[in-house]
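Visitor: Below you'll find upload.cif; it's mmCIF, C-alpha atoms.
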data_protein
#
loop_
_atom_site.label_atom_id
_atom_site.label_comp_id
_atom_site.auth_asym_id
_atom_site.auth_seq_id
_atom_site.Cartn_x
_atom_site.Cartn_y
_atom_site.Cartn_z
CA MET U 10 120.82 77.54 81.20
CA ALA U 11 120.32 81.15 80.26
CA PRO U 12 123.24 82.78 78.44
CA ALA U 13 125.36 85.32 80.28
CA PRO U 14 124.24 88.94 79.87
CA PRO U 15 125.83 90.76 76.96
CA PRO U 16 128.85 92.96 77.65
CA ALA U 17 128.35 96.63 78.38
CA ALA U 18 127.80 98.80 75.33
CA SER U 19 127.60 102.49 74.46
CA PHE U 20 124.44 104.08 73.09
CA SER U 21 124.11 107.44 71.43
CA PRO U 22 121.16 109.70 72.37
CA ALA U 23 119.69 108.98 68.94
CA GLU U 24 119.83 105.22 69.56
CA VAL U 25 118.10 105.66 72.92
CA GLN U 26 115.45 107.82 71.25
CA ARG U 27 114.71 105.06 68.74
CA ARG U 28 114.25 102.50 71.50
CA LEU U 29 111.96 104.81 73.46
CA ALA U 30 109.91 105.50 70.35
CA ALA U 31 109.54 101.72 69.87
CA GLY U 32 107.94 101.44 73.32
CA ALA U 33 110.96 100.47 75.43
CA CYS U 34 111.35 101.82 78.97
CA TRP U 35 114.96 102.84 79.44
CA VAL U 36 116.02 105.00 82.39
CA ARG U 37 119.42 106.21 83.44
CA CYS U 38 121.53 107.07 86.49
CA GLY U 39 124.02 109.58 85.21
CA VAL U 40 125.44 107.97 82.07
CA ARG U 41 124.40 104.40 83.01
CA LEU U 42 121.40 103.04 81.08
CA TYR U 43 118.89 100.47 82.37
CA ASP U 44 116.21 98.62 80.41
CA LEU U 45 113.10 98.26 82.62
CA THR U 46 110.72 97.33 79.81
CA GLY U 47 110.06 93.79 81.02
CA PHE U 48 109.63 94.83 84.63
CA VAL U 49 107.18 97.69 84.14
CA ARG U 50 104.88 95.55 82.02
CA HIS U 51 104.38 93.25 85.04
CA HIS U 52 104.14 96.10 87.56
CA PRO U 53 100.88 97.76 88.67
CA GLY U 54 100.59 100.97 86.71
CA GLY U 55 103.43 99.82 84.47
CA GLU U 56 102.20 101.62 81.38
CA GLN U 57 101.85 104.85 83.35
CA LEU U 58 105.36 104.35 84.70
CA LEU U 59 106.58 103.72 81.17
CA ARG U 60 105.26 107.06 79.96
CA ALA U 61 106.26 108.99 83.08
CA ARG U 62 109.82 107.76 83.62
CA ALA U 63 111.10 106.51 80.25
CA GLY U 64 114.32 108.26 79.30
CA GLN U 65 114.70 110.10 82.59
CA ASP U 66 117.52 110.20 85.14
CA VAL U 67 116.25 108.40 88.26
CA SER U 68 119.23 109.19 90.50
CA ALA U 69 117.21 111.58 92.63
CA ASP U 70 114.41 109.02 92.97
CA LEU U 71 116.85 106.48 94.34
CA ASP U 72 118.91 108.75 96.59
CA GLY U 73 116.72 111.66 97.60
CA PRO U 74 114.52 111.65 100.71
CA PRO U 75 112.13 110.24 101.73
CA HIS U 76 113.36 107.04 100.02
CA ARG U 77 114.34 104.46 102.63
CA HIS U 78 115.55 101.57 100.47
CA SER U 79 118.21 103.21 98.32
CA ASP U 80 120.81 100.44 98.57
CA ASN U 81 118.33 97.66 97.78
CA ALA U 82 116.84 99.66 94.91
CA ARG U 83 120.25 100.32 93.37
CA ARG U 84 121.29 96.68 93.65
CA TRP U 85 118.03 95.62 92.03
CA LEU U 86 118.39 98.21 89.25
CA GLU U 87 121.87 96.95 88.34
CA GLN U 88 120.31 93.72 87.05
CA TYR U 89 118.91 95.74 84.13
CA TYR U 90 122.11 97.58 83.18
CA VAL U 91 122.65 97.58 79.39
CA GLY U 92 125.38 100.16 78.79
CA ASP U 93 126.38 103.81 78.94
CA LEU U 94 125.03 106.92 77.27
CA GLN U 95 127.49 108.47 74.84
CA GLY U 96 128.28 112.16 74.81
CA ASP U 97 127.75 114.77 77.49
CA PRO U 98 127.25 112.94 80.82
CA GLN U 99 125.24 115.91 82.08
CA GLY U 100 122.69 115.56 79.25
CA SER U 101 119.64 113.36 79.33
CA VAL U 102 117.11 111.66 77.12
CA GLU U 103 113.56 112.35 78.23
CA ASN U 104 110.47 110.98 76.49
CA GLY U 105 112.40 110.64 73.26
CA ALA U 106 113.96 114.13 73.26
CA VAL U 107 117.59 114.92 74.01
CA THR U 108 118.10 117.62 76.62
CA SER U 109 121.43 119.41 76.75
CA ALA U 110 123.48 120.23 79.82
CA SER U 111 122.24 123.82 79.67
CA THR U 112 118.70 122.72 80.44
CA GLN U 113 119.40 119.99 83.02
CA LYS U 114 122.30 119.36 85.36
CA THR U 115 122.95 116.23 87.40
CA ASP U 116 124.27 116.44 90.93
CA PRO U 117 127.57 114.48 90.92
CA ALA U 118 126.75 113.29 94.45
CA MET U 119 123.78 111.41 92.99
CA GLU U 120 125.86 109.41 90.52
CA PRO U 121 125.77 105.66 91.19
CA LYS U 122 128.98 104.12 92.44
CA LEU U 123 128.01 100.48 91.88
CA LYS U 124 129.39 98.45 89.02
CA ALA U 125 127.23 96.32 86.78
CA VAL U 126 126.56 92.81 88.06
CA ASP U 127 129.30 90.47 86.89
CA TRP U 128 127.67 87.06 86.70
CA ASP U 129 131.07 85.36 86.60
CA LYS U 130 132.04 86.95 89.93
CA ASP U 131 128.75 86.57 91.78
CA LEU U 132 128.63 84.73 95.11
CA VAL U 133 127.39 81.63 93.27
CA ASP U 134 128.24 79.92 90.01
CA TRP U 135 125.18 80.40 87.81
CA GLN U 136 126.34 77.66 85.45
CA LYS U 137 125.80 75.07 88.21
CA PRO U 138 122.77 74.09 90.33
CA LEU U 139 122.28 76.65 93.09
CA LEU U 140 120.78 74.52 95.86
CA TRP U 141 124.11 73.01 96.85
CA GLN U 142 125.85 76.39 96.78
CA VAL U 143 123.57 78.67 98.82
CA GLY U 144 124.30 76.92 102.13
CA HIS U 145 127.88 78.15 101.92
CA LEU U 146 126.82 81.81 101.73
CA GLY U 147 126.35 81.96 105.50
CA GLU U 148 125.76 85.50 106.74
CA LYS U 149 125.68 86.78 103.14
CA TYR U 150 122.69 84.59 102.21
CA ASP U 151 119.88 86.86 103.48
CA GLU U 152 121.14 89.90 101.59
CA TRP U 153 121.94 87.89 98.45
CA VAL U 154 118.57 86.13 98.25
CA HIS U 155 116.71 89.45 98.39
CA GLN U 156 118.57 90.91 95.41
CA PRO U 157 116.23 89.76 92.61
CA VAL U 158 117.43 88.71 89.17
CA THR U 159 115.58 88.13 85.93
CA ARG U 160 117.30 84.91 84.87
CA PRO U 161 115.98 81.38 85.51
CA ILE U 162 117.32 79.25 88.35
CA ARG U 163 118.45 75.63 88.26
CA LEU U 164 118.24 73.87 91.62
CA PHE U 165 119.25 70.23 91.05
CA HIS U 166 121.86 68.25 89.14
CA SER U 167 119.34 65.58 88.12
CA ASP U 168 117.23 66.51 85.10
CA LEU U 169 114.35 64.42 86.45
CA VAL U 170 114.34 66.04 89.90
CA GLU U 171 114.77 69.46 88.30
CA ALA U 172 111.74 68.81 86.10
CA LEU U 173 109.67 67.75 89.14
CA SER U 174 110.54 71.03 90.85
CA LYS U 175 108.89 73.05 88.06
CA THR U 176 105.39 73.21 86.64
CA VAL U 177 103.09 75.29 84.46
CA TRP U 178 100.40 77.36 86.15
CA TYR U 179 97.46 75.46 84.69
CA SER U 180 98.58 72.17 86.25
CA VAL U 181 97.12 73.40 89.56
CA PRO U 182 93.45 73.67 88.50
CA ILE U 183 93.73 70.63 86.21
CA ILE U 184 94.91 68.38 89.05
CA TRP U 185 93.23 69.76 92.16
CA VAL U 186 89.85 71.13 91.04
CA PRO U 187 88.53 67.66 90.00
CA LEU U 188 89.65 66.26 93.36
CA MET U 189 87.94 69.13 95.19
CA LEU U 190 84.70 68.55 93.26
CA TYR U 191 84.77 64.80 93.89
CA LEU U 192 85.35 65.23 97.63
CA SER U 193 82.62 67.86 97.86
CA TRP U 194 80.10 65.62 96.11
CA SER U 195 81.10 62.58 98.15
CA TYR U 196 80.97 64.23 101.56
CA TYR U 197 77.75 66.09 100.78
CA ARG U 198 76.11 62.73 100.11
CA THR U 199 77.47 61.42 103.41
CA LEU U 200 76.08 64.41 105.30
CA ALA U 201 72.75 63.95 103.51
CA GLN U 202 72.37 60.51 105.11
CA GLY U 203 71.71 62.26 108.42
CA ASN U 204 73.89 60.10 110.67
CA VAL U 205 76.92 62.37 111.06
CA ARG U 206 77.34 63.90 114.51
CA LEU U 207 80.03 66.20 115.89
CA PHE U 208 81.75 65.71 119.28
CA THR U 209 80.79 62.03 119.58
CA SER U 210 84.36 61.24 120.67
CA PHE U 211 83.82 63.41 123.78
CA THR U 212 80.14 62.98 124.59
CA THR U 213 77.14 61.16 123.19
CA GLU U 214 74.50 63.11 125.06
CA TYR U 215 75.56 66.53 123.77
CA SER U 216 76.80 65.62 120.29
CA VAL U 217 75.63 67.87 117.44
CA ALA U 218 73.90 66.58 114.34
CA MET U 219 75.51 67.65 111.03
CA PRO U 220 72.87 67.52 108.24
CA GLU U 221 73.55 68.42 104.62
CA SER U 222 72.51 72.03 105.33
CA THR U 223 75.83 72.48 107.17
CA PHE U 224 77.83 71.72 104.01
CA PRO U 225 78.10 75.35 102.75
CA GLY U 226 79.20 76.59 106.17
CA LEU U 227 81.83 73.87 106.55
CA PHE U 228 83.08 74.48 103.02
CA MET U 229 83.41 78.24 103.63
CA LEU U 230 85.16 77.51 106.94
CA GLY U 231 87.73 75.57 104.94
CA LEU U 232 88.25 78.56 102.62
CA LEU U 233 88.73 80.88 105.62
CA LEU U 234 91.11 78.49 107.35
CA TRP U 235 93.20 78.20 104.19
CA SER U 236 93.63 81.98 104.03
CA LEU U 237 94.98 81.87 107.59
CA VAL U 238 97.26 78.91 106.82
CA GLU U 239 98.49 80.73 103.71
CA TYR U 240 99.44 83.74 105.83
CA LEU U 241 101.08 81.75 108.63
CA ILE U 242 103.15 79.58 106.28
CA HIS U 243 104.31 82.58 104.27
CA ARG U 244 105.22 84.60 107.34
CA PHE U 245 106.72 82.07 109.72
CA LEU U 246 108.01 79.30 107.43
CA PHE U 247 108.79 80.90 104.08
CA HIS U 248 110.23 84.03 105.67
CA MET U 249 112.11 82.48 108.53
CA LYS U 250 115.70 83.71 108.70
CA PRO U 251 117.90 80.61 108.76
CA PRO U 252 120.94 80.69 111.08
CA ASN U 253 124.06 81.84 109.28
CA ASP U 254 125.97 78.70 110.31
CA SER U 255 123.27 76.22 109.27
CA TYR U 256 124.07 74.91 105.79
CA TYR U 257 120.95 72.72 105.58
CA LEU U 258 118.46 75.26 106.95
CA ILE U 259 119.68 77.79 104.39
CA MET U 260 119.18 75.15 101.68
CA LEU U 261 115.70 74.40 103.05
CA HIS U 262 114.73 78.06 103.04
CA PHE U 263 116.04 78.54 99.51
CA ILE U 264 114.14 75.58 98.06
CA MET U 265 110.92 76.51 99.89
CA HIS U 266 110.80 80.21 99.11
CA GLY U 267 114.19 81.87 98.76
CA GLN U 268 114.51 80.86 95.12
CA HIS U 269 111.21 82.63 94.40
CA HIS U 270 112.48 85.89 95.87
CA LYS U 271 115.77 85.53 94.00
CA ALA U 272 114.01 84.95 90.65
CA PRO U 273 110.46 86.33 91.07
CA PHE U 274 109.70 86.23 87.34
CA ASP U 275 110.66 82.60 86.75
CA GLU U 276 107.17 81.47 85.76
CA SER U 277 108.04 77.76 86.00
CA ARG U 278 108.41 78.13 89.79
CA LEU U 279 105.51 80.43 90.63
CA VAL U 280 103.00 77.72 91.61
CA PHE U 281 103.62 74.60 93.67
CA PRO U 282 104.64 71.57 91.59
CA PRO U 283 102.21 68.64 91.93
CA VAL U 284 104.61 66.20 93.68
CA PRO U 285 105.64 68.35 96.67
CA ALA U 286 102.15 69.90 96.78
CA SER U 287 100.57 66.45 97.09
CA LEU U 288 102.64 65.72 100.20
CA VAL U 289 101.50 68.91 101.94
CA ILE U 290 97.88 68.43 100.84
CA ALA U 291 97.91 64.83 102.12
CA PHE U 292 99.20 66.03 105.49
CA PHE U 293 96.32 68.48 105.93
CA TYR U 294 93.79 65.87 104.81
CA VAL U 295 95.02 63.29 107.34
CA PHE U 296 95.16 65.91 110.09
CA LEU U 297 91.53 66.98 109.55
CA ARG U 298 90.39 63.36 109.33
CA LEU U 299 92.03 62.65 112.70
CA ILE U 300 90.41 65.52 114.61
CA LEU U 301 86.98 65.65 112.95
CA PRO U 302 84.36 63.16 111.72
CA GLU U 303 85.18 62.01 108.19
CA ALA U 304 82.45 63.96 106.39
CA VAL U 305 83.02 67.12 108.47
CA GLY U 306 86.80 67.09 108.11
CA GLY U 307 86.54 66.14 104.44
CA THR U 308 84.18 69.03 103.68
CA VAL U 309 86.44 71.53 105.46
CA PHE U 310 89.37 70.06 103.54
CA ALA U 311 87.55 70.47 100.21
CA GLY U 312 86.96 74.15 100.95
CA GLY U 313 90.60 74.57 101.92
CA LEU U 314 91.69 72.83 98.72
CA LEU U 315 89.70 75.33 96.66
CA GLY U 316 91.32 78.10 98.70
CA TYR U 317 94.75 76.71 97.80
CA VAL U 318 93.90 76.66 94.08
CA ILE U 319 92.64 80.26 94.26
CA TYR U 320 95.81 81.27 96.12
CA ASP U 321 98.16 79.75 93.53
CA MET U 322 96.22 81.24 90.61
CA ILE U 323 96.17 84.69 92.21
CA HIS U 324 99.88 84.46 93.00
CA TYR U 325 100.68 83.70 89.37
CA TYR U 326 98.45 86.53 88.17
CA LEU U 327 100.06 89.00 90.57
CA HIS U 328 103.39 88.36 88.83
CA PHE U 329 102.27 88.18 85.21
CA GLY U 330 98.78 89.69 85.01
CA SER U 331 97.77 93.28 84.23
CA PRO U 332 94.79 94.11 86.46
CA HIS U 333 92.79 97.30 85.93
CA LYS U 334 93.83 100.21 88.11
CA GLY U 335 91.73 100.48 91.24
CA SER U 336 90.54 96.86 91.13
CA TYR U 337 90.96 94.37 93.97
CA LEU U 338 93.65 92.48 92.07
CA TYR U 339 95.45 95.72 91.22
CA ASN U 340 95.71 96.55 94.92
CA LEU U 341 96.85 93.02 95.71
CA LYS U 342 99.51 93.21 93.00
CA ALA U 343 100.81 96.55 94.27
CA HIS U 344 100.97 95.03 97.76
CA HIS U 345 102.84 91.95 96.53
CA VAL U 346 105.33 93.93 94.43
CA LYS U 347 106.23 95.96 97.52
CA HIS U 348 106.68 92.74 99.46
CA HIS U 349 109.16 91.44 96.89
CA PHE U 350 111.23 94.55 96.25
CA ALA U 351 111.17 96.61 99.45
CA HIS U 352 109.24 95.13 102.41
CA GLN U 353 110.14 91.45 102.63
CA GLN U 354 109.20 91.24 106.32
CA SER U 355 105.62 92.43 105.90
CA GLY U 356 102.78 92.02 103.42
CA PHE U 357 102.49 88.24 103.74
CA GLY U 358 98.94 87.85 102.43
CA ILE U 359 98.65 86.75 98.79
CA SER U 360 94.97 86.11 98.06
CA THR U 361 93.80 88.59 100.72
CA LYS U 362 95.23 91.33 102.92
CA PHE U 363 92.79 90.50 105.74
CA TRP U 364 95.32 88.73 107.96
CA ASP U 365 97.91 91.45 107.35
CA HIS U 366 95.37 93.88 108.78
CA PHE U 367 94.60 91.52 111.65
CA PHE U 368 98.24 90.85 112.61
CA HIS U 369 99.48 94.38 111.84
CA THR U 370 101.86 93.38 109.04
CA LEU U 371 100.19 95.45 106.32
CA ILE U 372 102.52 97.45 104.07
CA LEU U 373 101.52 101.07 104.52
CA GLU U 374 101.26 103.46 101.61
CA GLU U 375 104.20 105.82 101.30
CA PRO U 376 103.35 109.51 100.77
CA HIS U 377 105.98 109.89 98.04
CA PRO U 378 106.27 106.65 96.06
CA LYS U 379 109.55 106.10 94.25
CA ILE U 380 110.80 103.65 91.67
CA GLN U 381 111.97 100.52 93.47
#
Show me, as structure tokens, the structure contained in the file I just sent.
Guide:
Amino acid sequence: MAPAPPPAASFSPAEVQRRLAAGACWVRCGVRLYDLTGFVRHHPGGEQLLRARAGQDVSADLDGPPHRHSDNARRWLEQYYVGDLQGDPQGSVENGAVTSASTQKTDPAMEPKLKAVDWDKDLVDWQKPLLWQVGHLGEKYDEWVHQPVTRPIRLFHSDLVEALSKTVWYSVPIIWVPLMLYLSWSYYRTLAQGNVRLFTSFTTEYSVAMPESTFPGLFMLGLLLWSLVEYLIHRFLFHMKPPNDSYYLIMLHFIMHGQHHKAPFDESRLVFPPVPASLVIAFFYVFLRLILPEAVGGTVFAGGLLGYVIYDMIHYYLHFGSPHKGSYLYNLKAHHVKHHFAHQQSGFGISTKFWDHFFHTLILEEPHPKIQ
């Protein structure tokens, strides 16, 4: 388990200057100091944010219009509280230079009223597995689970089960890409035999021959269908709101996706572990085999399996990668960051925003972006 955060400390302006000069990104609300270094390095445009906001007072960014998520932003920011700034509370440290009260004043109405997060008095006991505790949160669960933290989560008492609930990112391509290649090769050979026909279960006279030339189209259909499944699962299953009085549905939501929103930078839980993933993958394989001829359903499944691998790899990269500004992945990462920290009920696409456009759940650009 991760150790409890260190107690609050006091930092002189000179100490803050040294940390800023070393490349840290500290901001403040009044006299309260927050270390955002780790976050901005995983945020689109993080380096620009580091240079633009380091050392500044962000009270106005959090409270002033047109910001619409002030409470959530403040709760999230408290996770990074490190201590207070010594000296004149009306002074500031900006880009490594101390500014006196005569050059900058802070509106007292903008001062934060929240206390630092006390891990010992949180709604759950972080020294114990969380899965068995979250069901008791009831009506407080939805708000609690969307207040992200930067510490790892333990779900189960059993070390074995806990280990099975985690995995490294590269386990996904290592396990599933060879299976996808084998199925593709196998079903292409079956199609090449020339005896596969579609709709034979309904009619013999009007059945459609499926030669090997249909393989690329079926494979791409599988990729497209996966992108739709990805969207639907994320929107309607992962982001269902469990009833406040349902202990087990809250537990189910937390183990499926809530734990990811609570600890979005826990890299051991960013991709699906092989054991639970194999159960879901087997379900889709059996389903396609039941409704389509073996070679047709298997080819569509192989395309969908590649789509799943791409999805998991992109999802990991969106949390820990640093895409170039203006690139496709940069835009996806910006979209996903907004989904996590401000717009949890929209922006459900991970590998593509196509279905968000189609179903009108796209996160719109705000004219005056603020730190969130």
Visitor: To one decimal place in Å, what is the distance between atom CA of Ile319 of chain U and atom CA of Ile242 of chain U?
Guide: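 Going from atom CA of Ile319 of chain U over to atom CA of Ile242 of chain U covers 16.0 Å.
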Visitor: Could you check which residues have any atom within 12 Å of (115.1, 68.3, 93.4), counting only C-alpha atoms with coordinates taken straight from the file, and then list them as a PDB file with C-alpha atoms, in the frame of the given file?
Guide:
ATOM      1  CA  PRO U 138     122.770  74.090  90.330  1.00  0.00           C
ATOM      2  CA  LEU U 139     122.280  76.650  93.090  1.00  0.00           C
ATOM      3  CA  LEU U 140     120.780  74.520  95.860  1.00  0.00           C
ATOM      4  CA  TRP U 141     124.110  73.010  96.850  1.00  0.00           C
ATOM      5  CA  ARG U 163     118.450  75.630  88.260  1.00  0.00           C
ATOM      6  CA  LEU U 164     118.240  73.870  91.620  1.00  0.00           C
ATOM      7  CA  PHE U 165     119.250  70.230  91.050  1.00  0.00           C
ATOM      8  CA  HIS U 166     121.860  68.250  89.140  1.00  0.00           C
ATOM      9  CA  SER U 167     119.340  65.580  88.120  1.00  0.00           C
ATOM     10  CA  ASP U 168     117.230  66.510  85.100  1.00  0.00           C
ATOM     11  CA  LEU U 169     114.350  64.420  86.450  1.00  0.00           C
ATOM     12  CA  VAL U 170     114.340  66.040  89.900  1.00  0.00           C
ATOM     13  CA  GLU U 171     114.770  69.460  88.300  1.00  0.00           C
ATOM     14  CA  ALA U 172     111.740  68.810  86.100  1.00  0.00           C
ATOM     15  CA  LEU U 173     109.670  67.750  89.140  1.00  0.00           C
ATOM     16  CA  SER U 174     110.540  71.030  90.850  1.00  0.00           C
ATOM     17  CA  LYS U 175     108.890  73.050  88.060  1.00  0.00           C
ATOM     18  CA  MET U 260     119.180  75.150 101.680  1.00  0.00           C
ATOM     19  CA  LEU U 261     115.700  74.400 103.050  1.00  0.00           C
ATOM     20  CA  PHE U 263     116.040  78.540  99.510  1.00  0.00           C
ATOM     21  CA  ILE U 264     114.140  75.580  98.060  1.00  0.00           C
ATOM     22  CA  MET U 265     110.920  76.510  99.890  1.00  0.00           C
ATOM     23  CA  PRO U 282     104.640  71.570  91.590  1.00  0.00           C
ATOM     24  CA  VAL U 284     104.610  66.200  93.680  1.00  0.00           C
ATOM     25  CA  PRO U 285     105.640  68.350  96.670  1.00  0.00           C
TER      26      PRO U 285
END
Visitor: Identify which of the residues U:Gly306, U:Gly32, U:Pro22, U:Pro157 lies closest to Met219 of chain U, counting all atoms listed in the file when measuring atom-to-atom distances.
Guide: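 Once distances to Met219 of chain U are computed over all atoms listed in the file, the minimum belongs to U:Gly306.
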Visitor: U:Lys250, U:His270, U:Arg37, U:Lys342: which is nearest Glu87 of chain U, counting only C-alpha atoms?
Guide: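 Nearest candidate to Glu87 of chain U out of U:Lys250, U:His270, U:Arg37, U:Lys342: U:Arg37.
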Visitor: Please write as JSON, numbers by chain the list of polymer residues whose atoms come within 8 Å of (85.8, 73.2, 108.7), counting all atoms listed in the file and keeping to the coordinates of the file.
Guide: {"U": [226, 227, 228, 229, 230, 231, 234, 305, 306, 308, 309, 310, 312]}
Visitor: Once you have the residues from the selection above, write them out as a PDB file, keeping the file's coordinate frame, restricted to C-alpha atoms.
Guide:
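Result file is part02.pdb:
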ATOM      1  CA  GLY U 226      79.200  76.590 106.170  1.00  0.00           C
ATOM      2  CA  LEU U 227      81.830  73.870 106.550  1.00  0.00           C
ATOM      3  CA  PHE U 228      83.080  74.480 103.020  1.00  0.00           C
ATOM      4  CA  MET U 229      83.410  78.240 103.630  1.00  0.00           C
ATOM      5  CA  LEU U 230      85.160  77.510 106.940  1.00  0.00           C
ATOM      6  CA  GLY U 231      87.730  75.570 104.940  1.00  0.00           C
ATOM      7  CA  LEU U 234      91.110  78.490 107.350  1.00  0.00           C
ATOM      8  CA  VAL U 305      83.020  67.120 108.470  1.00  0.00           C
ATOM      9  CA  GLY U 306      86.800  67.090 108.110  1.00  0.00           C
ATOM     10  CA  THR U 308      84.180  69.030 103.680  1.00  0.00           C
ATOM     11  CA  VAL U 309      86.440  71.530 105.460  1.00  0.00           C
ATOM     12  CA  PHE U 310      89.370  70.060 103.540  1.00  0.00           C
ATOM     13  CA  GLY U 312      86.960  74.150 100.950  1.00  0.00           C
TER      14      GLY U 312
END
Visitor: Atom CA of Leu86 of chain U and atom CA of Gln353 of chain U, how far apart in Å?
Guide: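 Between these atoms lies a distance of 17.1 Å.
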